[in-house]
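Source file query04.cif; content: mmCIF, C-alpha atoms.
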data_entry
loop_
_atom_site.label_atom_id
_atom_site.label_comp_id
_atom_site.auth_asym_id
_atom_site.auth_seq_id
_atom_site.Cartn_x
_atom_site.Cartn_y
_atom_site.Cartn_z
CA MET A 26 136.15 125.25 89.54
CA ARG A 27 135.94 124.29 85.89
CA GLN A 28 137.19 120.82 86.76
CA LEU A 29 134.42 120.50 89.32
CA VAL A 30 131.83 121.45 86.72
CA VAL A 31 133.24 118.86 84.29
CA LEU A 32 133.23 116.24 87.04
CA VAL A 33 129.63 117.04 87.97
CA CYS A 34 128.61 116.88 84.33
CA LEU A 35 130.33 113.54 83.89
CA LEU A 36 128.67 112.17 86.99
CA ALA A 37 125.32 113.53 85.89
CA GLY A 38 125.89 111.89 82.52
CA CYS A 39 126.59 108.55 84.14
CA LEU A 40 123.56 108.76 86.38
CA ALA A 41 121.21 110.23 83.82
CA GLU A 42 118.57 108.14 82.16
CA LYS A 43 119.86 106.29 79.10
CA PRO A 44 119.18 108.52 76.10
CA HIS A 45 116.58 107.59 73.52
CA PRO A 46 118.33 105.02 71.35
CA ALA A 47 119.15 106.08 67.83
CA GLU A 48 119.50 102.52 66.62
CA LYS A 49 116.68 100.05 66.31
CA PRO A 50 115.85 97.73 69.21
CA HIS A 51 117.84 94.53 69.77
CA PRO A 52 116.76 91.30 71.48
CA CYS A 53 117.58 91.61 75.16
CA ALA A 54 117.68 89.69 78.42
CA SER A 55 115.62 90.82 81.43
CA PRO A 56 117.49 91.66 84.65
CA PRO A 57 118.82 88.48 86.31
CA LEU A 58 116.96 89.16 89.56
CA LEU A 59 113.28 90.09 89.32
CA SER A 60 110.25 89.95 91.59
CA GLY A 61 106.71 90.85 90.71
CA ALA A 62 103.32 89.60 89.70
CA LEU A 63 101.71 88.20 86.62
CA THR A 64 98.35 87.06 85.39
CA VAL A 65 97.80 84.16 83.04
CA ALA A 66 94.68 84.21 80.87
CA THR A 67 93.83 81.64 78.23
CA GLN A 68 91.77 81.87 75.09
CA SER A 69 89.88 78.71 76.08
CA GLU A 70 88.97 80.33 79.46
CA LYS A 71 90.01 77.01 81.06
CA LEU A 72 92.83 78.55 83.07
CA TRP A 73 93.21 81.89 84.81
CA THR A 74 95.81 82.70 87.45
CA TYR A 75 97.19 85.56 89.49
CA THR A 76 100.77 84.72 90.40
CA ARG A 77 103.45 86.37 92.51
CA TYR A 78 106.89 85.41 91.23
CA LEU A 79 110.54 85.59 92.22
CA TYR A 80 113.13 84.98 89.53
CA ASP A 81 116.87 84.40 89.85
CA ALA A 82 118.55 83.77 86.50
CA MET A 83 122.00 83.42 88.07
CA GLY A 84 120.97 80.69 90.49
CA GLN A 85 118.41 79.35 87.99
CA ARG A 86 115.68 79.47 90.63
CA VAL A 87 112.02 80.46 90.30
CA ARG A 88 109.32 80.68 92.95
CA LEU A 89 105.65 80.96 92.02
CA PHE A 90 102.69 81.66 94.30
CA GLU A 91 99.66 80.98 92.11
CA MET A 92 95.98 81.59 92.78
CA GLY A 93 93.57 80.80 90.02
CA THR A 94 90.83 78.81 88.45
CA TYR A 95 91.15 75.76 86.22
CA GLU A 96 87.98 74.55 84.56
CA ASN A 97 85.96 76.76 86.94
CA LYS A 98 87.57 75.25 90.03
CA SER A 99 89.75 77.54 92.11
CA PHE A 100 93.20 76.44 93.22
CA THR A 101 96.34 77.70 94.90
CA PHE A 102 99.78 76.45 93.98
CA ASP A 103 103.07 77.30 95.68
CA VAL A 104 106.06 75.95 93.83
CA LEU A 105 109.84 76.37 93.93
CA LEU A 106 111.81 75.40 90.83
CA LEU A 107 115.53 74.70 91.25
CA PHE A 108 116.72 74.08 87.72
CA ARG A 109 120.39 73.55 88.59
CA GLU A 110 119.54 70.82 91.09
CA GLY A 111 116.84 69.45 88.83
CA ALA A 112 114.28 69.65 91.60
CA MET A 113 110.81 71.10 91.98
CA TYR A 114 109.10 71.55 95.35
CA GLU A 115 105.36 71.87 95.77
CA ILE A 116 105.01 73.58 99.12
CA SER A 117 102.16 73.88 101.57
CA TYR A 118 102.94 76.22 104.46
CA HIS A 119 99.50 75.56 105.88
CA ASN A 120 100.14 71.82 106.25
CA HIS A 121 103.93 72.13 106.56
CA THR A 122 104.26 69.62 103.76
CA CYS A 123 106.46 69.43 100.72
CA LYS A 124 106.35 67.36 97.57
CA LYS A 125 109.71 67.07 95.82
CA MET A 126 109.65 66.20 92.14
CA PRO A 127 112.39 65.80 89.54
CA LEU A 128 112.81 68.68 87.11
CA LYS A 129 114.92 67.72 84.12
CA ALA A 130 114.25 70.77 81.94
CA ASP A 131 116.80 73.41 81.00
CA PHE A 132 116.36 76.79 82.63
CA GLN A 133 114.85 79.31 80.21
CA PRO A 134 115.79 82.87 81.12
CA LEU A 135 113.35 85.74 80.67
CA ALA A 136 114.68 87.15 77.41
CA ILE A 137 113.85 87.95 73.82
CA PRO A 138 115.44 85.14 71.74
CA LYS A 139 118.13 86.29 69.32
CA ASP A 140 116.15 85.06 66.30
CA ALA A 141 112.98 87.00 67.26
CA ASN A 142 111.50 89.44 64.76
CA LEU A 143 110.69 92.99 65.83
CA LEU A 144 106.99 93.70 65.30
CA GLY A 145 107.38 97.30 66.38
CA GLN A 146 108.23 99.89 68.98
CA ALA A 147 105.36 101.70 70.67
CA VAL A 148 104.44 103.88 73.61
CA LEU A 149 101.89 102.48 76.05
CA GLY A 150 99.91 105.36 77.45
CA SER A 151 101.13 108.65 76.02
CA SER A 152 104.41 110.42 75.36
CA SER A 153 102.56 113.76 75.68
CA ALA A 154 102.93 114.09 79.44
CA PRO A 155 105.58 113.07 81.98
CA GLY A 156 104.89 109.77 83.69
CA ALA A 157 102.07 108.94 81.28
CA GLY A 158 103.94 106.71 78.86
CA LEU A 159 106.13 103.62 78.59
CA LEU A 160 108.33 102.82 75.59
CA VAL A 161 108.07 99.14 74.70
CA ASN A 162 109.26 96.77 71.97
CA THR A 163 107.15 93.90 70.70
CA TRP A 164 108.77 90.80 69.24
CA MET A 165 107.44 87.71 67.51
CA GLY A 166 108.88 84.31 66.77
CA ASP A 167 108.37 80.56 66.66
CA LEU A 168 108.16 78.55 69.86
CA PRO A 169 111.27 76.37 70.42
CA ASP A 170 109.38 73.22 69.41
CA LYS A 171 107.84 74.99 66.38
CA SER A 172 104.38 74.20 67.69
CA GLY A 173 103.22 77.78 67.26
CA LYS A 174 104.08 81.46 67.63
CA TYR A 175 104.89 83.71 70.55
CA ILE A 176 104.57 87.49 70.87
CA SER A 177 106.54 89.20 73.65
CA THR A 178 106.56 92.82 74.76
CA VAL A 179 109.35 94.23 76.94
CA THR A 180 110.26 97.75 78.00
CA GLU A 181 112.90 99.54 75.91
CA PHE A 182 114.60 100.71 79.09
CA GLY A 183 115.49 97.73 81.23
CA CYS A 184 114.03 94.90 79.11
CA ILE A 185 111.34 94.36 81.75
CA PRO A 186 108.67 91.87 80.62
CA VAL A 187 105.26 93.42 79.92
CA SER A 188 103.41 90.56 78.27
CA THR A 189 103.99 87.27 76.48
CA SER A 190 101.40 85.48 74.40
CA TYR A 191 101.94 82.06 72.88
CA GLN A 192 99.95 79.37 71.16
CA THR A 193 99.14 76.06 72.80
CA LYS A 194 97.10 73.13 71.59
CA GLU A 195 95.15 72.62 74.79
CA LEU A 196 94.38 76.18 75.88
CA GLY A 197 94.61 78.20 72.67
CA TRP A 198 96.51 81.46 73.08
CA VAL A 199 97.96 81.93 76.56
CA VAL A 200 98.54 85.53 77.62
CA ILE A 201 100.92 86.27 80.49
CA SER A 202 100.78 89.89 81.67
CA TYR A 203 103.54 91.05 84.02
CA PHE A 204 103.23 93.94 86.47
CA ASN A 205 104.66 95.39 89.68
CA ASN A 206 108.06 94.08 88.64
CA VAL A 207 110.97 95.22 90.75
CA ILE A 208 114.61 94.61 89.96
CA GLY A 209 116.02 92.40 92.69
CA LEU A 210 114.54 89.86 95.06
CA GLU A 211 111.92 90.94 97.59
CA ASP A 212 112.91 88.10 99.90
CA PRO A 213 115.79 85.90 98.69
CA ALA A 214 114.99 83.27 101.32
CA LEU A 215 111.88 82.38 99.32
CA LEU A 216 114.18 80.85 96.70
CA ASN A 217 115.42 78.20 99.14
CA PRO A 218 113.27 75.23 100.19
CA PRO A 219 111.70 75.80 103.63
CA ASP A 220 113.08 73.74 106.54
CA PHE A 221 110.19 71.32 106.50
CA CYS A 222 111.18 70.35 102.91
CA ALA A 223 114.52 68.89 104.11
CA ASP A 224 113.28 65.33 104.31
CA ALA A 225 110.90 65.47 101.38
CA GLU A 226 111.30 62.41 99.21
CA THR A 227 111.57 62.75 95.48
CA LYS A 228 108.42 61.56 93.81
CA SER A 229 108.20 60.97 90.12
CA GLY A 230 105.34 62.51 88.24
CA GLU A 231 104.59 65.03 85.56
CA GLU A 232 107.66 67.12 84.86
CA PRO A 233 107.21 70.73 83.77
CA LYS A 234 109.53 71.59 80.95
CA ASP A 235 110.19 75.24 81.68
CA PHE A 236 108.85 78.41 83.28
CA HIS A 237 106.13 78.81 80.68
CA SER A 238 105.09 75.16 80.58
CA LEU A 239 103.84 75.55 84.14
CA PHE A 240 100.92 77.39 82.55
CA LEU A 241 100.26 74.83 79.81
CA MET B 18 111.83 140.55 93.80
CA ARG B 19 110.19 138.38 96.44
CA GLN B 20 106.88 138.71 94.63
CA LEU B 21 108.54 137.50 91.45
CA VAL B 22 109.91 134.44 93.23
CA VAL B 23 106.47 133.66 94.65
CA LEU B 24 104.93 134.10 91.20
CA VAL B 25 107.53 131.81 89.61
CA CYS B 26 106.97 129.19 92.32
CA LEU B 27 103.23 129.36 91.82
CA LEU B 28 103.60 129.00 88.07
CA ALA B 29 106.06 126.14 88.51
CA GLY B 30 103.59 124.51 90.87
CA CYS B 31 100.87 124.81 88.30
CA LEU B 32 103.06 123.41 85.56
CA ALA B 33 104.76 120.70 87.61
CA GLU B 34 103.84 117.08 87.26
CA LYS B 35 100.88 116.10 89.41
CA PRO B 36 102.28 114.56 92.60
CA HIS B 37 101.76 110.90 93.38
CA PRO B 38 98.21 110.77 94.68
CA ALA B 39 97.77 109.91 98.32
CA GLU B 40 94.16 108.99 97.83
CA LYS B 41 92.89 105.97 95.95
CA PRO B 42 92.20 106.22 92.22
CA HIS B 43 88.93 107.71 90.97
CA PRO B 44 87.09 107.06 87.69
CA CYS B 45 88.37 109.55 85.14
CA ALA B 46 87.81 110.87 81.63
CA SER B 47 90.55 110.66 79.02
CA PRO B 48 91.79 113.91 77.44
CA PRO B 49 89.15 115.35 75.09
CA LEU B 50 91.53 115.36 72.12
CA LEU B 51 93.52 112.21 71.44
CA SER B 52 95.25 110.60 68.48
CA GLY B 53 96.95 107.25 68.35
CA ALA B 54 96.67 103.66 67.38
CA LEU B 55 94.91 100.59 68.66
CA THR B 56 94.65 96.92 67.94
CA VAL B 57 91.49 94.87 68.30
CA ALA B 58 91.84 91.17 68.98
CA THR B 59 88.97 88.78 69.61
CA GLN B 60 88.78 85.55 71.54
CA SER B 61 87.04 83.89 68.60
CA GLU B 62 89.94 84.93 66.29
CA LYS B 63 87.25 86.07 63.82
CA LEU B 64 88.34 89.71 63.89
CA TRP B 65 91.73 91.37 64.18
CA THR B 66 92.44 95.00 63.34
CA TYR B 67 95.18 97.58 63.50
CA THR B 68 93.53 101.00 63.64
CA ARG B 69 94.79 104.56 63.63
CA TYR B 70 92.34 106.80 65.44
CA LEU B 71 91.57 110.47 66.03
CA TYR B 72 89.20 111.38 68.83
CA ASP B 73 87.52 114.69 69.61
CA ALA B 74 85.22 114.49 72.62
CA MET B 75 84.29 118.19 72.39
CA GLY B 76 83.12 118.00 68.78
CA GLN B 77 81.95 114.40 69.29
CA ARG B 78 83.92 113.28 66.23
CA VAL B 79 85.94 110.08 65.69
CA ARG B 80 88.00 109.01 62.68
CA LEU B 81 89.17 105.43 62.29
CA PHE B 82 91.58 104.02 59.71
CA GLU B 83 91.27 100.27 60.10
CA MET B 84 93.30 97.47 58.54
CA GLY B 85 92.49 93.96 59.56
CA THR B 86 91.13 90.53 58.94
CA TYR B 87 87.59 89.30 59.43
CA GLU B 88 87.04 85.55 59.11
CA ASN B 89 90.50 85.26 57.51
CA LYS B 90 89.71 87.88 54.84
CA SER B 91 91.70 91.10 54.99
CA PHE B 92 89.94 94.46 54.80
CA THR B 93 90.55 98.17 55.13
CA PHE B 94 87.94 100.55 56.49
CA ASP B 95 88.17 104.34 56.67
CA VAL B 96 85.31 105.87 58.59
CA LEU B 97 84.40 109.27 60.02
CA LEU B 98 81.79 109.39 62.79
CA LEU B 99 80.06 112.71 63.44
CA PHE B 100 77.86 112.00 66.43
CA ARG B 101 76.46 115.52 66.76
CA GLU B 102 75.27 115.52 63.15
CA GLY B 103 74.19 111.91 63.40
CA ALA B 104 76.23 111.01 60.33
CA MET B 105 78.81 108.40 59.49
CA TYR B 106 80.98 108.55 56.37
CA GLU B 107 82.70 105.55 54.86
CA ILE B 108 85.48 107.08 52.82
CA SER B 109 87.62 105.79 49.96
CA TYR B 110 90.39 108.18 49.01
CA HIS B 111 91.50 105.75 46.34
CA ASN B 112 88.17 105.92 44.49
CA HIS B 113 87.22 109.41 45.75
CA THR B 114 83.94 108.00 46.95
CA CYS B 115 81.95 108.44 50.09
CA LYS B 116 79.06 106.58 51.63
CA LYS B 117 77.03 108.63 54.10
CA MET B 118 74.99 106.75 56.64
CA PRO B 119 72.77 107.80 59.54
CA LEU B 120 74.28 107.48 63.01
CA LYS B 121 71.68 107.76 65.72
CA ALA B 122 73.77 106.65 68.67
CA ASP B 123 74.87 108.81 71.58
CA PHE B 124 78.54 109.71 71.69
CA GLN B 125 80.38 107.66 74.28
CA PRO B 126 83.47 109.45 75.58
CA LEU B 127 86.66 107.54 76.45
CA ALA B 128 86.28 107.39 80.22
CA ILE B 129 85.99 105.11 83.20
CA PRO B 130 82.28 105.08 84.14
CA LYS B 131 81.48 106.48 87.59
CA ASP B 132 80.05 103.14 88.75
CA ALA B 133 83.17 101.13 87.77
CA ASN B 134 84.91 99.06 90.42
CA LEU B 135 88.65 99.41 90.93
CA LEU B 136 90.36 96.06 90.38
CA GLY B 137 93.73 97.48 91.33
CA GLN B 138 96.61 99.81 90.73
CA ALA B 139 99.78 98.40 89.19
CA VAL B 140 103.03 99.32 87.51
CA LEU B 141 103.55 98.02 83.98
CA GLY B 142 107.26 97.39 83.50
CA SER B 143 109.18 98.31 86.63
CA SER B 144 109.36 101.11 89.14
CA SER B 145 113.02 100.17 89.82
CA ALA B 146 114.50 102.30 87.03
CA PRO B 147 113.61 105.64 85.44
CA GLY B 148 111.57 105.34 82.25
CA ALA B 149 110.96 101.62 82.83
CA GLY B 150 107.52 101.78 84.43
CA LEU B 151 103.99 103.06 83.96
CA LEU B 152 101.47 103.44 86.78
CA VAL B 153 98.03 102.23 85.70
CA ASN B 154 94.61 101.63 87.21
CA THR B 155 92.39 98.75 86.16
CA TRP B 156 88.62 99.00 86.45
CA MET B 157 85.79 96.55 85.95
CA GLY B 158 82.06 96.93 85.46
CA ASP B 159 78.94 95.85 83.62
CA LEU B 160 78.39 96.85 80.01
CA PRO B 161 75.62 99.46 79.63
CA ASP B 162 73.17 96.87 78.30
CA LYS B 163 74.19 94.40 81.06
CA SER B 164 75.15 91.86 78.39
CA GLY B 165 78.52 91.22 80.02
CA LYS B 166 81.54 92.71 81.75
CA TYR B 167 84.25 95.15 80.71
CA ILE B 168 87.76 95.60 82.11
CA SER B 169 89.54 98.87 81.35
CA THR B 170 93.07 99.96 82.16
CA VAL B 171 94.11 103.63 82.04
CA THR B 172 97.24 105.47 83.13
CA GLU B 173 97.16 107.06 86.59
CA PHE B 174 98.71 110.22 85.16
CA GLY B 175 96.56 111.53 82.34
CA CYS B 176 93.86 108.84 82.24
CA ILE B 177 95.23 107.64 78.90
CA PRO B 178 93.58 104.40 77.71
CA VAL B 179 95.88 101.35 77.80
CA SER B 180 93.44 98.53 77.14
CA THR B 181 89.75 97.68 77.25
CA SER B 182 88.35 94.17 77.18
CA TYR B 183 84.65 93.40 77.01
CA GLN B 184 82.39 90.46 76.45
CA THR B 185 80.36 90.00 73.28
CA LYS B 186 78.09 87.23 72.15
CA GLU B 187 79.45 86.94 68.64
CA LEU B 188 83.20 87.33 69.17
CA GLY B 189 83.75 86.33 72.79
CA TRP B 190 86.08 88.68 74.65
CA VAL B 191 87.19 91.64 72.57
CA VAL B 192 90.51 93.20 73.60
CA ILE B 193 91.34 96.74 72.47
CA SER B 194 94.96 97.72 73.14
CA TYR B 195 95.84 101.40 72.75
CA PHE B 196 99.32 102.72 72.01
CA ASN B 197 101.23 105.69 70.61
CA ASN B 198 98.55 107.95 72.03
CA VAL B 199 99.27 111.66 71.86
CA ILE B 200 97.22 114.35 73.51
CA GLY B 201 95.79 116.52 70.75
CA LEU B 202 94.91 115.95 67.12
CA GLU B 203 97.66 115.02 64.67
CA ASP B 204 95.67 116.52 61.80
CA PRO B 205 92.34 118.12 62.78
CA ALA B 206 91.26 118.25 59.12
CA LEU B 207 90.83 114.49 59.21
CA LEU B 208 87.79 115.03 61.45
CA ASN B 209 85.93 116.84 58.66
CA PRO B 210 84.45 115.02 55.67
CA PRO B 211 86.69 115.35 52.58
CA ASP B 212 85.47 117.60 49.74
CA PHE B 213 84.33 114.69 47.64
CA CYS B 214 81.89 113.73 50.40
CA ALA B 215 79.91 116.97 49.95
CA ASP B 216 77.29 115.46 47.66
CA ALA B 217 77.20 112.03 49.28
CA GLU B 218 73.63 110.90 49.72
CA THR B 219 72.49 109.43 52.99
CA LYS B 220 71.95 105.73 52.67
CA SER B 221 70.22 103.71 55.30
CA GLY B 222 71.85 100.57 56.51
CA GLU B 223 73.41 99.08 59.59
CA GLU B 224 73.88 101.72 62.24
CA PRO B 225 76.77 101.35 64.67
CA LYS B 226 75.71 102.17 68.17
CA ASP B 227 78.93 103.62 69.55
CA PHE B 228 82.70 103.71 69.24
CA HIS B 229 83.08 100.19 70.56
CA SER B 230 80.26 98.69 68.56
CA LEU B 231 82.30 99.33 65.41
CA PHE B 232 84.35 96.35 66.54
CA LEU B 233 81.42 94.07 67.32
#
Exercise: express the given structure as structure tokens:
Amino acid sequence: MRQLVVLVCLLAGCLAEKPHPAEKPHPCASPPLLSGALTVATQSEKLWTYTRYLYDAMGQRVRLFEMGTYENKSFTFDVLLLFREGAMYEISYHNHTCKKMPLKADFQPLAIPKDANLLGQAVLGSSSAPGAGLLVNTWMGDLPDKSGKYISTVTEFGCIPVSTSYQTKELGWVVISYFNNVIGLEDPALLNPPDFCADAETKSGEEPKDFHSLFL
Amino acid sequence: MRQLVVLVCLLAGCLAEKPHPAEKPHPCASPPLLSGALTVATQSEKLWTYTRYLYDAMGQRVRLFEMGTYENKSFTFDVLLLFREGAMYEISYHNHTCKKMPLKADFQPLAIPKDANLLGQAVLGSSSAPGAGLLVNTWMGDLPDKSGKYISTVTEFGCIPVSTSYQTKELGWVVISYFNNVIGLEDPALLNPPDFCADAETKSGEEPKDFHSLFL
């Protein structure tokens, strides 16, 4: 009987929520498979989007379904980024058409870079009631090309992205707010090109550098 | 014995976390006593503050400890707003001085106005793991003077403020982000004027209209 109790306790321990960390937060990587939504808002008010996303860090694949406005004109944009193959597909289900473009950039995983500086740990909402609060860490650093700063907030438990702001020359500060994130892929098939993309020819054109530069 | 069980169940029911609501979100008022912190950021980049706040909706009292920059100059600002008495105190503990000013505005409680429109319900972080997500509701409406729009996000459980953005003529969009909110008052004494304010004379001057207009 005592063994059973010990076993149950051990199991409960394994399954229980990770305890409040005693040490200070460390840079972290978000789960390798994520699906969810995000909004992009810009200081210049030039660009605003609502985007559903699927993210596969293992396969280095990203799918974005964007709806938004750019310079007061509304647009939709459905794009599949295959970083390993160096290909980007702009997809129109409505017209059953596909534009294939080269994508030479390195895949940038959703993560807090190792050289980021911790701005602080905080609770969004309140820790006074169950379900009313979310423990988050906010980090700051220089953009890879040193063109400005970024500020990123992720959850303490799970390293789920909450928001990322970064400076750009054209749009001023760009604020990406993530929500309705689930760990895993809602529909993994969305990370493969649709059948009607099979014979899409590669066209040269503007090449996005990374996940974030799609919003630049 | 059975009566005891029923009593315990009833009590547990009363104390238990509110169940996930089946109906759609309603406008709500935040808890009448709140303490926490907030940042104010403005589209124009003119104003940025980090503010500790205490809020008492019953006594209609607000205390703000602000640190920030205005037009690239840093400032600190310690202010007590007593709406019922129509008085505002600007306090300097360092110099033991107090400026008393008239405050003729109505108290505006932290709440989602009844005529607000629900933009949507969302999870910040993720609902895939315990402690990694926060259920919030985002509302939109016209500012009382119809000078622009506001967008407010509060937690579903507890109606705790998460962020409020609103349009201003001078600063563009103003974004207030709340965090580390606790229900109750950390130190209720901070909502009374300090002793050295007793003989402060009322000086006329600029009168802030409400809680938010302190950031205009």
Distance query Thr93 (chain B) at most 7 Å, only C-alpha atoms, self and fewer than 2 positions along chain excluded, as a ChimeraX atom specification: /B:83-85,95
Explicit residues for the PyMOL selection byres ((chain A and resi 194) around 9) (as a ChimeraX atom specification): /A:172-173,192-193,195-198,241
Result set, the PyMOL selection byres ((chain B) within 7 of (chain A)) on current file, as number ranges by chain: B: 34, 60, 139-145, 147-151, 172, 174-175, 177-179, 195-200
Nearest-residue call for Tyr87 (chain B), choices B:Pro48, B:Arg101, B:Tyr110, B:Lys63, using only C-alpha atoms: B:Lys63
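The Cα RMSD of chain B against chain A, after a best least-squares fit over all residues paired in order, is 0.8 Å.
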Hits from the PyMOL selection byres ((chain B and resi 204-221) around 7), listed as a PyMOL selection string: chain B and resi 78-80+97+113-119+202-203+222
Take the residues just selected and output them with C-alpha atoms as a tab-separated table (two decimals), keeping the file's coordinate frame.
chain	number	residue	atom	x	y	z
B	78	ARG	CA	83.92	113.28	66.23
B	79	VAL	CA	85.94	110.08	65.69
B	80	ARG	CA	88.00	109.01	62.68
B	97	LEU	CA	84.40	109.27	60.02
B	113	HIS	CA	87.22	109.41	45.75
B	114	THR	CA	83.94	108.00	46.95
B	115	CYS	CA	81.95	108.44	50.09
B	116	LYS	CA	79.06	106.58	51.63
B	117	LYS	CA	77.03	108.63	54.10
B	118	MET	CA	74.99	106.75	56.64
B	119	PRO	CA	72.77	107.80	59.54
B	202	LEU	CA	94.91	115.95	67.12
B	203	GLU	CA	97.66	115.02	64.67
B	222	GLY	CA	71.85	100.57	56.51
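Relative to CA of Asp81 (chain A), CA of Pro134 (chain A) is found at 8.9 Å.
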Fill-in result for region 80-100 of chain B, N, CA and C atoms as a PDB file, in the coordinates of the input:
ATOM      1  N   ARG B  80      87.583 109.537  63.985  1.00  0.00           N
ATOM      2  CA  ARG B  80      88.000 109.010  62.680  1.00  0.00           C
ATOM      3  C   ARG B  80      88.798 107.743  62.911  1.00  0.00           C
ATOM      4  N   LEU B  81      88.484 106.708  62.164  1.00  0.00           N
ATOM      5  CA  LEU B  81      89.170 105.430  62.290  1.00  0.00           C
ATOM      6  C   LEU B  81      89.709 104.983  60.927  1.00  0.00           C
ATOM      7  N   PHE B  82      90.979 104.646  60.894  1.00  0.00           N
ATOM      8  CA  PHE B  82      91.580 104.020  59.710  1.00  0.00           C
ATOM      9  C   PHE B  82      91.910 102.586  60.104  1.00  0.00           C
ATOM     10  N   GLU B  83      91.095 101.660  59.685  1.00  0.00           N
ATOM     11  CA  GLU B  83      91.270 100.270  60.100  1.00  0.00           C
ATOM     12  C   GLU B  83      91.881  99.424  58.987  1.00  0.00           C
ATOM     13  N   MET B  84      92.776  98.530  59.404  1.00  0.00           N
ATOM     14  CA  MET B  84      93.300  97.470  58.540  1.00  0.00           C
ATOM     15  C   MET B  84      93.137  96.202  59.347  1.00  0.00           C
ATOM     16  N   GLY B  85      92.646  95.146  58.736  1.00  0.00           N
ATOM     17  CA  GLY B  85      92.490  93.960  59.560  1.00  0.00           C
ATOM     18  C   GLY B  85      92.055  92.754  58.788  1.00  0.00           C
ATOM     19  N   THR B  86      91.684  91.740  59.554  1.00  0.00           N
ATOM     20  CA  THR B  86      91.130  90.530  58.940  1.00  0.00           C
ATOM     21  C   THR B  86      89.830  90.203  59.662  1.00  0.00           C
ATOM     22  N   TYR B  87      88.839  89.784  58.879  1.00  0.00           N
ATOM     23  CA  TYR B  87      87.590  89.300  59.430  1.00  0.00           C
ATOM     24  C   TYR B  87      87.317  87.950  58.791  1.00  0.00           C
ATOM     25  N   GLU B  88      87.207  86.925  59.599  1.00  0.00           N
ATOM     26  CA  GLU B  88      87.040  85.550  59.110  1.00  0.00           C
ATOM     27  C   GLU B  88      88.081  85.238  58.037  1.00  0.00           C
ATOM     28  N   ASN B  89      89.330  85.559  58.357  1.00  0.00           N
ATOM     29  CA  ASN B  89      90.500  85.260  57.510  1.00  0.00           C
ATOM     30  C   ASN B  89      90.553  86.059  56.209  1.00  0.00           C
ATOM     31  N   LYS B  90      89.617  87.010  56.020  1.00  0.00           N
ATOM     32  CA  LYS B  90      89.710  87.880  54.840  1.00  0.00           C
ATOM     33  C   LYS B  90      90.191  89.247  55.297  1.00  0.00           C
ATOM     34  N   SER B  91      91.165  89.800  54.584  1.00  0.00           N
ATOM     35  CA  SER B  91      91.700  91.100  54.990  1.00  0.00           C
ATOM     36  C   SER B  91      90.785  92.221  54.478  1.00  0.00           C
ATOM     37  N   PHE B  92      90.760  93.318  55.198  1.00  0.00           N
ATOM     38  CA  PHE B  92      89.940  94.460  54.800  1.00  0.00           C
ATOM     39  C   PHE B  92      90.606  95.752  55.245  1.00  0.00           C
ATOM     40  N   THR B  93      90.219  96.840  54.621  1.00  0.00           N
ATOM     41  CA  THR B  93      90.550  98.170  55.130  1.00  0.00           C
ATOM     42  C   THR B  93      89.234  98.922  55.261  1.00  0.00           C
ATOM     43  N   PHE B  94      89.204  99.880  56.169  1.00  0.00           N
ATOM     44  CA  PHE B  94      87.940 100.550  56.490  1.00  0.00           C
ATOM     45  C   PHE B  94      88.323 101.935  57.000  1.00  0.00           C
ATOM     46  N   ASP B  95      87.858 102.965  56.298  1.00  0.00           N
ATOM     47  CA  ASP B  95      88.170 104.340  56.670  1.00  0.00           C
ATOM     48  C   ASP B  95      86.838 105.016  56.966  1.00  0.00           C
ATOM     49  N   VAL B  96      86.634 105.399  58.208  1.00  0.00           N
ATOM     50  CA  VAL B  96      85.310 105.870  58.590  1.00  0.00           C
ATOM     51  C   VAL B  96      85.401 107.117  59.463  1.00  0.00           C
ATOM     52  N   LEU B  97      84.493 108.049  59.217  1.00  0.00           N
ATOM     53  CA  LEU B  97      84.400 109.270  60.020  1.00  0.00           C
ATOM     54  C   LEU B  97      83.034 109.272  60.704  1.00  0.00           C
ATOM     55  N   LEU B  98      83.033 109.410  62.014  1.00  0.00           N
ATOM     56  CA  LEU B  98      81.790 109.390  62.790  1.00  0.00           C
ATOM     57  C   LEU B  98      81.533 110.783  63.339  1.00  0.00           C
ATOM     58  N   LEU B  99      80.438 111.387  62.923  1.00  0.00           N
ATOM     59  CA  LEU B  99      80.060 112.710  63.440  1.00  0.00           C
ATOM     60  C   LEU B  99      78.800 112.507  64.269  1.00  0.00           C
ATOM     61  N   PHE B 100      78.979 112.354  65.562  1.00  0.00           N
ATOM     62  CA  PHE B 100      77.860 112.000  66.430  1.00  0.00           C
ATOM     63  C   PHE B 100      76.853 113.133  66.543  1.00  0.00           C
TER      64      PHE B 100
END
